[in-house]
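Report on the structure given below.
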2 protein chains.
Amino acid sequence: MYPEYPPDLNDEQKEYLLFNLKDWSIAHGLAVRPTPTYVPTEQDPSAALATTAPVTLFPSLFPRVCFGQAASVVNAYNELYSAIASDEAWLKDIVEELTEIDDFMANLWKVHMEVKKEGYAHTLNLGLFRSDYMVHVDPSEPKPLVKQVEFNTIASSFGGLSSQVTGMHRYLRSVDAYPESMANIVTESSLPPSTSVPGLARGMAKAHEAYGKSGSGSPTCVLFLVQDMERNVFDQRHVEYALNENHGVRTFRLPFSRVLKDTKVDGERNLIYMPPQTPQKQYEVTVVYLRAGYSPSEYEDQTAWDARLQIERSKAIKCPSVLLQLAGTKKVQQVLATPHSPHLKRFLPDEKQAADVLKTFAPIYPMDKSEAGMGARKLATDPETANRYVMKPQREGGGNNVYRKAIPDTLKNLPESQWPAYILMEMIEPPEQSNVIFRNGELQKGGVICELGMYGACLWRQGQHDGEREVLENFDAGYLLRTKGDSSEEGGVAAGFGAVDSACLVDV
Amino acid sequence: MYPEYPPDLNDEQKEYLLFNLKDWSIAHGLAVRPTPTYVPTEQDPSAALATTAPVTLFPSLFPRVCFGQAASVVNAYNELYSAIASDEAWLKDIVEELTEIDDFMANLWKVHMEVKKEGYAHTLNLGLFRSDYMVHVDPSEPKPLVKQVEFNTIASSFGGLSSQVTGMHRYLRSVDAYPESMANIVTESSLPPSTSVPGLARGMAKAHEAYGKSGSGSPTCVLFLVQDMERNVFDQRHVEYALNENHGVRTFRLPFSRVLKDTKVDGERNLIYMPPQTPQKQYEVTVVYLRAGYSPSEYEDQTAWDARLQIERSKAIKCPSVLLQLAGTKKVQQVLATPHSPHLKRFLPDEKQAADVLKTFAPIYPMDKSEAGMGARKLATDPETANRYVMKPQREGGGNNVYRKAIPDTLKNLPESQWPAYILMEMIEPPEQSNVIFRNGELQKGGVICELGMYGACLWRQGQHDGEREVLENFDAGYLLRTKGDSSEEGGVAAGFGAVDSACLVDV
């Protein structure tokens, strides 16, 4: 789009930009705990050091039309995924196809079934979603479009840092840290602030409010369920602090490994949290916000599953419930996005909404023995055609994608019975651009790929019958731009690559 | 006052408090760059790491009556020191006594004289003051009083972090990080927030506004004159960001060592700043805020003095001017606080104000050959009486104080001609209390001494004649509590000991 963007900096410009970036980021908590390779644990056993979160020096260019397209379907996606999570029978068919090949999904389903036997204690559901897109340039289309990479229904991260990084790039512009030649591109109005911090906090506050009065008589709280060693803690904290300050909601962080120790479910199935530091003071949990428990590696033994069950069967509003987590599997994305799929209209009866959502789908195929699946197997085993595809595991948590020419060989080494655990997705072809990433105190310059995430919040009440529900809240909750070097085809910032970024909207 | 304060924490309580403290502090920029002993420079050459600023775990107890007393004299102190700095003839007498023994003061005076020859280009003056006190318990008094330790007219630090630390202690209280037994002591209303960030920023904004339109036609800015390797950078940045955000004022940080390179004084004596990163874009400086240039060690050669002269002779409002810096010497404090001194009423004709200020003075004596000085010499050379005193150098910058029994020996090794470079001050006897300090990732527990700093902002226009002036702004600007282990009698946080703290007001 702008081949000269971002311009090279001379030494004085680079020093000025970096000084301002490093100071602003720490002053505003745009930070992470350093990696052990940067600061060995034994050097800082109390983990008191922090560093600037991996960020881009410049806001990456993003077509205004694409940003608008992604923003315009946030409410429709909220509708769609709340509808899917409310249709247990439909989800059951999807999940049953996979239970044999995916233990993790089978176990999640088991948790759901056990709670179902007893009857769910609460009908309220909260989704804090992030729909991730890349810009797709199709020579046959007049304008670029966004195409969905994935839809996250659990632990959608970086909402805390995203508000900060959009603030940082706006600050850097305001202090002339960007060269004169950028002045017409990077303007006040081309840098949309991200409202992800107040937006996600508002979503939790709405659920907290809808939960109603304490049933046990104990004061209420929202529980952030977290991983043990979380380096990305400030990302979560910003949302938590906003929930405290803007809405007066009491919050606690609870490591997933401590659920069985520090919580119990009482006779009315209220989820009671017993803080180890104030055991005499108990809390009733209104909302459990999962920033843990999304990945198979977190369920090493039965106690982890017992913990998940304890939360699921309680009266607390789960963000997400097991069904909503399952709705976020790539299998569901594939079923919706398989060309000529009938499923989208089932959940989105509004034709305009369905058409808009459909436009964001890149073709995705199953790898099973269905007609579409057999077609996909053909595409995937032929090195020629495989080159336009990415093969992804169905389960959540990222990683382990197989790209293009590597697909045929991978399949050769994989028993055919395992193939349905994957889906095949047409590669999205984003426009090339450059940026500079600052991470671990070092600069990395080069070609980058950007992924736009749109946050949405949805609160609904499940009806008595399958598919019935009443949507109480449905609003957008800011955006995220994640940027990684285009030499790495794996990952995203969480996996140790890439950076948080912000969008500089441009007309194309 | 409360011998059980703060209570001991068990392991769970300590872990909970520290987790919350470490996360909140970094998320809110209550941070410093780590010392080289914590993180060697070669490990982090780009200085991207940060850590929690040295803080106390608990707010220290502070008598409400003393806090009120210190707050009640802020406006009077603003009056007093603006009056002193406006009375060149009076200051001249003071300084001339010291020029022979204190090169630094002599050189400062020379800068003033050179500018005076040419005529000052501007009559506006800005003081951002901090008056530091300790609680003094005198068995003969019914209530404790605050007694002044020193009055700072240049580079009064920690205003940025103080607002944050009061916020942190309030946060920790709100999340029950303090044990139940503190609940009646540490309450919402016993923890006054510090308005130092908006207060100091407002002071600079008022001066910036009063400067008026650009004379050169270039856009205007405020210059933060800083030291080269500033670990306490976030303290300064918070004030700067508030100045940007609350008042829309453009700011730059300029290392003192680069003044002659990056600024010039034009024919109208406008101070022109030429940012090295955007040399085509010049700024006219309205206010120079000195966070450097206060210590003799910063003036290693003539170029530093040339730099100071360049700023002083320019039309920019100096915060502070040379005269105002000289007004902050301990010699002035001593002259005012010498028992039966006639000087206070000269500058504070309002009797009530003068009486209130007088109450905050601890007796201070010169060490010269005046009557009071000869008395002081007697007190200082006798180990018995010296034990109630501290001997301080006249010049600014802290450090090198000589305490109690060490005074006689120090004087033995010091030529008598050097004695007048010191003042002798009665030791303030603060009440004993305990606290826990978190610094460099480590906990230090023990007896502590607290120092309360009251910030004040004063903007005035110097009249045509000595002693004439018009005060345009006079307001309080928040507070600071600095706390250090009582085993160390030296320093303060800046010198590498102690921590930033906040006041928990208690009735005594």
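Residues in the structure tokens are named by chain (A, B, ... in the order shown) and by number from 1 within that chain; ligands are numbered from 1 in the order shown.
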message = I need the chain A residues near chain B as number ranges by chain; criterion: at most 6 Å, counting only C-alpha atoms.
response = A: 12-13, 26-29, 46, 48-51, 277, 441
Could you take the residues named above and write them with C-alpha atoms, as an mmCIF file, in the first residue's frame?
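Contents of the output file again_15.cif:
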data_model
loop_
_atom_site.group_PDB
_atom_site.id
_atom_site.type_symbol
_atom_site.label_atom_id
_atom_site.label_comp_id
_atom_site.auth_asym_id
_atom_site.auth_seq_id
_atom_site.Cartn_x
_atom_site.Cartn_y
_atom_site.Cartn_z
ATOM 1 C CA GLU A 12 18.648 10.606 16.646
ATOM 2 C CA GLN A 13 15.122 9.684 15.563
ATOM 3 C CA ILE A 26 6.276 1.193 31.708
ATOM 4 C CA ALA A 27 4.532 4.278 33.070
ATOM 5 C CA HIS A 28 1.260 2.877 31.655
ATOM 6 C CA GLY A 29 1.702 -0.818 32.418
ATOM 7 C CA SER A 46 10.467 -12.656 43.670
ATOM 8 C CA ALA A 48 9.700 -8.043 40.655
ATOM 9 C CA LEU A 49 11.145 -7.097 37.269
ATOM 10 C CA ALA A 50 9.061 -6.190 34.256
ATOM 11 C CA THR A 51 9.747 -5.018 30.747
ATOM 12 C CA GLN A 277 -5.089 -15.173 53.061
ATOM 13 C CA GLY A 441 15.056 -5.016 24.764
#
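All residues of protein, DNA or RNA that reach within 10 Å of Ala304 (chain B), judged by only C-alpha atoms and not counting those fewer than 6 positions away in the chain, are B:Phe256, B:Ser257, B:Arg258, B:Val259, B:Leu260, B:Gly293, B:Glu298, B:Gln310.
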Any chance you can output those residues with N, CA, C and O atoms as a CSV table (one decimal), in the first residue's frame?
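Dumped to again_33.csv:
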chain,number,residue,atom,x,y,z
B,256,PHE,N,21.0,17.7,30.8
B,256,PHE,CA,21.8,18.9,31.1
B,256,PHE,C,23.0,19.1,30.3
B,256,PHE,O,23.4,20.1,29.8
B,257,SER,N,23.6,17.9,30.0
B,257,SER,CA,24.9,17.9,29.2
B,257,SER,C,24.7,18.3,27.8
B,257,SER,O,25.6,18.6,27.1
B,258,ARG,N,23.4,18.4,27.3
B,258,ARG,CA,23.2,18.8,25.9
B,258,ARG,C,22.6,20.2,25.7
B,258,ARG,O,22.2,20.6,24.6
B,259,VAL,N,22.6,21.0,26.8
B,259,VAL,CA,22.0,22.3,26.7
B,259,VAL,C,22.6,23.1,25.6
B,259,VAL,O,21.9,23.7,24.8
B,260,LEU,N,23.9,23.2,25.6
B,260,LEU,CA,24.6,24.1,24.7
B,260,LEU,C,24.5,23.5,23.2
B,260,LEU,O,24.5,24.3,22.3
B,293,GLY,N,21.1,19.8,37.6
B,293,GLY,CA,21.8,21.1,37.8
B,293,GLY,C,21.7,21.6,39.3
B,293,GLY,O,22.1,22.7,39.6
B,298,GLU,N,27.4,18.0,39.3
B,298,GLU,CA,27.0,18.1,37.9
B,298,GLU,C,27.7,19.2,37.1
B,298,GLU,O,27.5,19.4,35.9
B,310,GLN,N,23.2,30.1,30.1
B,310,GLN,CA,22.4,30.2,28.8
B,310,GLN,C,20.9,30.2,29.2
B,310,GLN,O,20.1,30.9,28.7
key: Long-range neighbours of Ala242 (chain A) as a ChimeraX atom specification, 12 Å cut-off, only C-alpha atoms, 5 positions minimum in chain   = /A:159-160,163,195-205,235-237,247-251 /B:27
ask   = So which residues touch region 89-93 of chain A within 8 Å, counting only C-alpha atoms, skipping near sequence neighbours fewer than 5 positions away, as JSON, numbers by chain?
value = {"A": [84, 323, 326, 327, 466]}
Non-local contacts of Ile428 (chain A) (10 Å; only C-alpha atoms; under 4 positions in same chain excluded) as a JSON list (two decimals) with all heavy atoms, in the first residue's frame:
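Once written, result27.json looks like this:
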[["chain", "number", "residue", "atom", "x", "y", "z"],
["A", 133, "TYR", "N", -8.96, -11.92, 12.36],
["A", 133, "TYR", "CA", -9.01, -11.81, 10.91],
["A", 133, "TYR", "C", -7.64, -11.45, 10.35],
["A", 133, "TYR", "O", -6.82, -10.83, 11.03],
["A", 133, "TYR", "CB", -9.96, -10.69, 10.48],
["A", 133, "TYR", "CG", -11.35, -10.80, 11.04],
["A", 133, "TYR", "CD1", -11.71, -10.11, 12.20],
["A", 133, "TYR", "CD2", -12.32, -11.57, 10.39],
["A", 133, "TYR", "CE1", -12.99, -10.19, 12.70],
["A", 133, "TYR", "CE2", -13.61, -11.65, 10.90],
["A", 133, "TYR", "CZ", -13.93, -10.96, 12.06],
["A", 133, "TYR", "OH", -15.20, -11.05, 12.56],
["A", 134, "MET", "N", -7.46, -11.80, 9.08],
["A", 134, "MET", "CA", -6.38, -11.21, 8.31],
["A", 134, "MET", "C", -6.99, -10.56, 7.07],
["A", 134, "MET", "O", -8.06, -10.97, 6.60],
["A", 134, "MET", "CB", -5.34, -12.25, 7.93],
["A", 134, "MET", "CG", -4.52, -12.68, 9.15],
["A", 134, "MET", "SD", -2.89, -13.29, 8.74],
["A", 134, "MET", "CE", -3.28, -14.92, 8.16],
["A", 135, "VAL", "N", -6.27, -9.57, 6.58],
["A", 135, "VAL", "CA", -6.70, -8.95, 5.33],
["A", 135, "VAL", "C", -6.36, -9.91, 4.19],
["A", 135, "VAL", "O", -5.25, -10.45, 4.14],
["A", 135, "VAL", "CB", -5.97, -7.61, 5.12],
["A", 135, "VAL", "CG1", -6.24, -7.06, 3.73],
["A", 135, "VAL", "CG2", -6.40, -6.62, 6.19],
["A", 136, "HIS", "N", -7.33, -10.12, 3.32],
["A", 136, "HIS", "CA", -7.13, -11.02, 2.20],
["A", 136, "HIS", "C", -7.24, -10.22, 0.90],
["A", 136, "HIS", "O", -8.26, -9.57, 0.66],
["A", 136, "HIS", "CB", -8.19, -12.13, 2.23],
["A", 136, "HIS", "CG", -8.04, -13.13, 1.12],
["A", 136, "HIS", "ND1", -6.91, -13.90, 0.97],
["A", 136, "HIS", "CD2", -8.88, -13.47, 0.12],
["A", 136, "HIS", "CE1", -7.07, -14.70, -0.08],
["A", 136, "HIS", "NE2", -8.25, -14.46, -0.62],
["A", 137, "VAL", "N", -6.18, -10.28, 0.15],
["A", 137, "VAL", "CA", -6.19, -9.58, -1.13],
["A", 137, "VAL", "C", -6.44, -10.61, -2.22],
["A", 137, "VAL", "O", -5.60, -11.47, -2.49],
["A", 137, "VAL", "CB", -4.86, -8.84, -1.37],
["A", 137, "VAL", "CG1", -4.89, -8.14, -2.71],
["A", 137, "VAL", "CG2", -4.60, -7.85, -0.24],
["A", 138, "ASP", "N", -7.60, -10.52, -2.80],
["A", 138, "ASP", "CA", -7.96, -11.43, -3.88],
["A", 138, "ASP", "C", -7.98, -10.61, -5.16],
["A", 138, "ASP", "O", -8.76, -9.66, -5.28],
["A", 138, "ASP", "CB", -9.34, -12.03, -3.57],
["A", 138, "ASP", "CG", -9.73, -13.09, -4.59],
["A", 138, "ASP", "OD1", -9.26, -13.02, -5.75],
["A", 138, "ASP", "OD2", -10.52, -13.98, -4.22],
["A", 146, "VAL", "N", -11.62, -8.73, 4.98],
["A", 146, "VAL", "CA", -11.05, -9.51, 6.08],
["A", 146, "VAL", "C", -11.59, -10.93, 6.00],
["A", 146, "VAL", "O", -12.74, -11.15, 5.64],
["A", 146, "VAL", "CB", -11.36, -8.94, 7.49],
["A", 146, "VAL", "CG1", -10.60, -7.66, 7.75],
["A", 146, "VAL", "CG2", -12.85, -8.76, 7.70],
["A", 147, "LYS", "N", -10.73, -11.88, 6.30],
["A", 147, "LYS", "CA", -11.13, -13.29, 6.37],
["A", 147, "LYS", "C", -10.79, -13.80, 7.76],
["A", 147, "LYS", "O", -9.71, -13.50, 8.30],
["A", 147, "LYS", "CB", -10.37, -14.10, 5.31],
["A", 147, "LYS", "CG", -10.79, -13.77, 3.87],
["A", 147, "LYS", "CD", -12.19, -14.27, 3.58],
["A", 147, "LYS", "CE", -12.64, -13.90, 2.17],
["A", 147, "LYS", "NZ", -14.06, -14.30, 1.95],
["A", 148, "GLN", "N", -11.68, -14.57, 8.30],
["A", 148, "GLN", "CA", -11.51, -15.01, 9.68],
["A", 148, "GLN", "C", -10.42, -16.08, 9.81],
["A", 148, "GLN", "O", -10.41, -17.06, 9.08],
["A", 148, "GLN", "CB", -12.84, -15.58, 10.19],
["A", 148, "GLN", "CG", -12.81, -15.85, 11.70],
["A", 148, "GLN", "CD", -14.14, -16.36, 12.19],
["A", 148, "GLN", "OE1", -14.65, -17.35, 11.67],
["A", 148, "GLN", "NE2", -14.71, -15.70, 13.18],
["A", 149, "VAL", "N", -9.54, -15.88, 10.75],
["A", 149, "VAL", "CA", -8.51, -16.88, 11.07],
["A", 149, "VAL", "C", -9.07, -17.86, 12.09],
["A", 149, "VAL", "O", -9.00, -19.07, 11.92],
["A", 149, "VAL", "CB", -7.24, -16.19, 11.62],
["A", 149, "VAL", "CG1", -6.20, -17.22, 12.02],
["A", 149, "VAL", "CG2", -6.70, -15.21, 10.60],
["A", 362, "ALA", "N", -13.08, -17.74, 5.23],
["A", 362, "ALA", "CA", -12.24, -18.35, 4.20],
["A", 362, "ALA", "C", -12.73, -19.80, 4.10],
["A", 362, "ALA", "O", -13.15, -20.39, 5.10],
["A", 362, "ALA", "CB", -10.78, -18.32, 4.61],
["A", 363, "PRO", "N", -12.68, -20.39, 2.91],
["A", 363, "PRO", "CA", -13.16, -21.77, 2.79],
["A", 363, "PRO", "C", -12.39, -22.70, 3.74],
["A", 363, "PRO", "O", -11.16, -22.65, 3.81],
["A", 363, "PRO", "CB", -12.86, -22.11, 1.33],
["A", 363, "PRO", "CG", -12.81, -20.80, 0.64],
["A", 363, "PRO", "CD", -12.26, -19.83, 1.64],
["A", 388, "ARG", "N", -1.67, -23.96, -1.10],
["A", 388, "ARG", "CA", -2.56, -22.83, -0.81],
["A", 388, "ARG", "C", -3.30, -23.00, 0.52],
["A", 388, "ARG", "O", -4.22, -22.25, 0.81],
["A", 388, "ARG", "CB", -3.58, -22.66, -1.95],
["A", 388, "ARG", "CG", -2.99, -22.05, -3.23],
["A", 388, "ARG", "CD", -4.08, -21.77, -4.26],
["A", 388, "ARG", "NE", -4.70, -23.02, -4.73],
["A", 388, "ARG", "CZ", -5.99, -23.30, -4.60],
["A", 388, "ARG", "NH1", -6.82, -22.47, -4.00],
["A", 388, "ARG", "NH2", -6.46, -24.46, -5.06],
["A", 389, "TYR", "N", -2.88, -24.00, 1.32],
["A", 389, "TYR", "CA", -3.67, -24.33, 2.50],
["A", 389, "TYR", "C", -2.86, -24.35, 3.80],
["A", 389, "TYR", "O", -1.63, -24.46, 3.78],
["A", 389, "TYR", "CB", -4.37, -25.69, 2.32],
["A", 389, "TYR", "CG", -5.47, -25.60, 1.29],
["A", 389, "TYR", "CD1", -5.20, -25.80, -0.07],
["A", 389, "TYR", "CD2", -6.77, -25.28, 1.68],
["A", 389, "TYR", "CE1", -6.21, -25.68, -1.01],
["A", 389, "TYR", "CE2", -7.78, -25.16, 0.73],
["A", 389, "TYR", "CZ", -7.50, -25.36, -0.61],
["A", 389, "TYR", "OH", -8.49, -25.23, -1.54],
["A", 390, "VAL", "N", -3.60, -24.26, 4.90],
["A", 390, "VAL", "CA", -3.01, -24.51, 6.21],
["A", 390, "VAL", "C", -3.87, -25.59, 6.89],
["A", 390, "VAL", "O", -5.09, -25.60, 6.75],
["A", 390, "VAL", "CB", -2.95, -23.22, 7.07],
["A", 390, "VAL", "CG1", -4.31, -22.52, 7.14],
["A", 390, "VAL", "CG2", -2.48, -23.53, 8.51]]
query = Between B:Asn400, B:Gly463, B:Asp132, B:Glu240, which has the minimum distance to Glu150 (chain B) (counting only C-alpha atoms)?
reply = B:Asp132
Residue nearest Leu126 (chain A) - candidates A:Glu384, A:Glu114, A:Glu141, A:Glu209, atoms counted: only C-alpha atoms = A:Glu209
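The residues of region 386-504 of chain A that DSSP assigns to helix (DSSP H, G or I) on this backbone come out as Ala386, Ala406, Ile407, Pro408, Asp409, Thr410, Leu411, Lys412, Glu416, Ser417, Gln418, Trp419, Pro420, Ala421, Val493, Ala494 and Ala495 of chain A.
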Dump of N, CA and C atoms for the selected residues, as an mmCIF file, in the first residue's frame:
data_model
loop_
_atom_site.group_PDB
_atom_site.id
_atom_site.type_symbol
_atom_site.label_atom_id
_atom_site.label_comp_id
_atom_site.auth_asym_id
_atom_site.auth_seq_id
_atom_site.Cartn_x
_atom_site.Cartn_y
_atom_site.Cartn_z
ATOM 1 N N ALA A 386 -1.770 -28.358 -2.052
ATOM 2 C CA ALA A 386 -1.593 -28.139 -0.601
ATOM 3 C C ALA A 386 -0.947 -26.782 -0.321
ATOM 4 N N ALA A 406 4.304 -28.427 3.655
ATOM 5 C CA ALA A 406 4.597 -29.407 4.711
ATOM 6 C C ALA A 406 3.410 -30.341 4.968
ATOM 7 N N ILE A 407 2.265 -30.007 4.428
ATOM 8 C CA ILE A 407 1.058 -30.780 4.748
ATOM 9 C C ILE A 407 1.126 -32.234 4.255
ATOM 10 N N PRO A 408 1.468 -32.456 2.983
ATOM 11 C CA PRO A 408 1.459 -33.850 2.487
ATOM 12 C C PRO A 408 2.352 -34.780 3.316
ATOM 13 N N ASP A 409 3.555 -34.330 3.637
ATOM 14 C CA ASP A 409 4.470 -35.176 4.425
ATOM 15 C C ASP A 409 3.917 -35.454 5.814
ATOM 16 N N THR A 410 3.337 -34.421 6.421
ATOM 17 C CA THR A 410 2.760 -34.601 7.755
ATOM 18 C C THR A 410 1.674 -35.670 7.712
ATOM 19 N N LEU A 411 0.859 -35.607 6.692
ATOM 20 C CA LEU A 411 -0.233 -36.582 6.588
ATOM 21 C C LEU A 411 0.317 -37.999 6.394
ATOM 22 N N LYS A 412 1.396 -38.098 5.660
ATOM 23 C CA LYS A 412 2.004 -39.412 5.438
ATOM 24 C C LYS A 412 2.380 -40.068 6.757
ATOM 25 N N GLU A 416 -4.433 -42.428 9.291
ATOM 26 C CA GLU A 416 -5.612 -41.813 8.672
ATOM 27 C C GLU A 416 -6.737 -41.574 9.680
ATOM 28 N N SER A 417 -6.771 -42.431 10.699
ATOM 29 C CA SER A 417 -7.828 -42.269 11.706
ATOM 30 C C SER A 417 -7.697 -40.942 12.441
ATOM 31 N N GLN A 418 -6.478 -40.354 12.433
ATOM 32 C CA GLN A 418 -6.246 -39.071 13.110
ATOM 33 C C GLN A 418 -6.583 -37.870 12.233
ATOM 34 N N TRP A 419 -6.712 -38.093 10.942
ATOM 35 C CA TRP A 419 -6.899 -36.955 10.040
ATOM 36 C C TRP A 419 -8.111 -36.096 10.396
ATOM 37 N N PRO A 420 -9.230 -36.695 10.820
ATOM 38 C CA PRO A 420 -10.394 -35.839 11.128
ATOM 39 C C PRO A 420 -10.180 -34.905 12.312
ATOM 40 N N ALA A 421 -9.061 -35.079 13.021
ATOM 41 C CA ALA A 421 -8.746 -34.143 14.106
ATOM 42 C C ALA A 421 -8.263 -32.795 13.560
ATOM 43 N N VAL A 493 1.693 -13.645 19.460
ATOM 44 C CA VAL A 493 2.512 -13.085 20.522
ATOM 45 C C VAL A 493 2.610 -14.019 21.737
ATOM 46 N N ALA A 494 1.493 -14.657 22.072
ATOM 47 C CA ALA A 494 1.477 -15.489 23.273
ATOM 48 C C ALA A 494 2.497 -16.612 23.192
ATOM 49 N N ALA A 495 2.655 -17.166 21.990
ATOM 50 C CA ALA A 495 3.554 -18.297 21.831
ATOM 51 C C ALA A 495 5.007 -17.860 21.825
#
inquiry  = Excluding His122 (chain A) and its own-chain neighbours fewer than 5 positions away, which residues fall within 8 Å of it when counting only C-alpha atoms? Please give them as a count of residues only.
reply    = 4
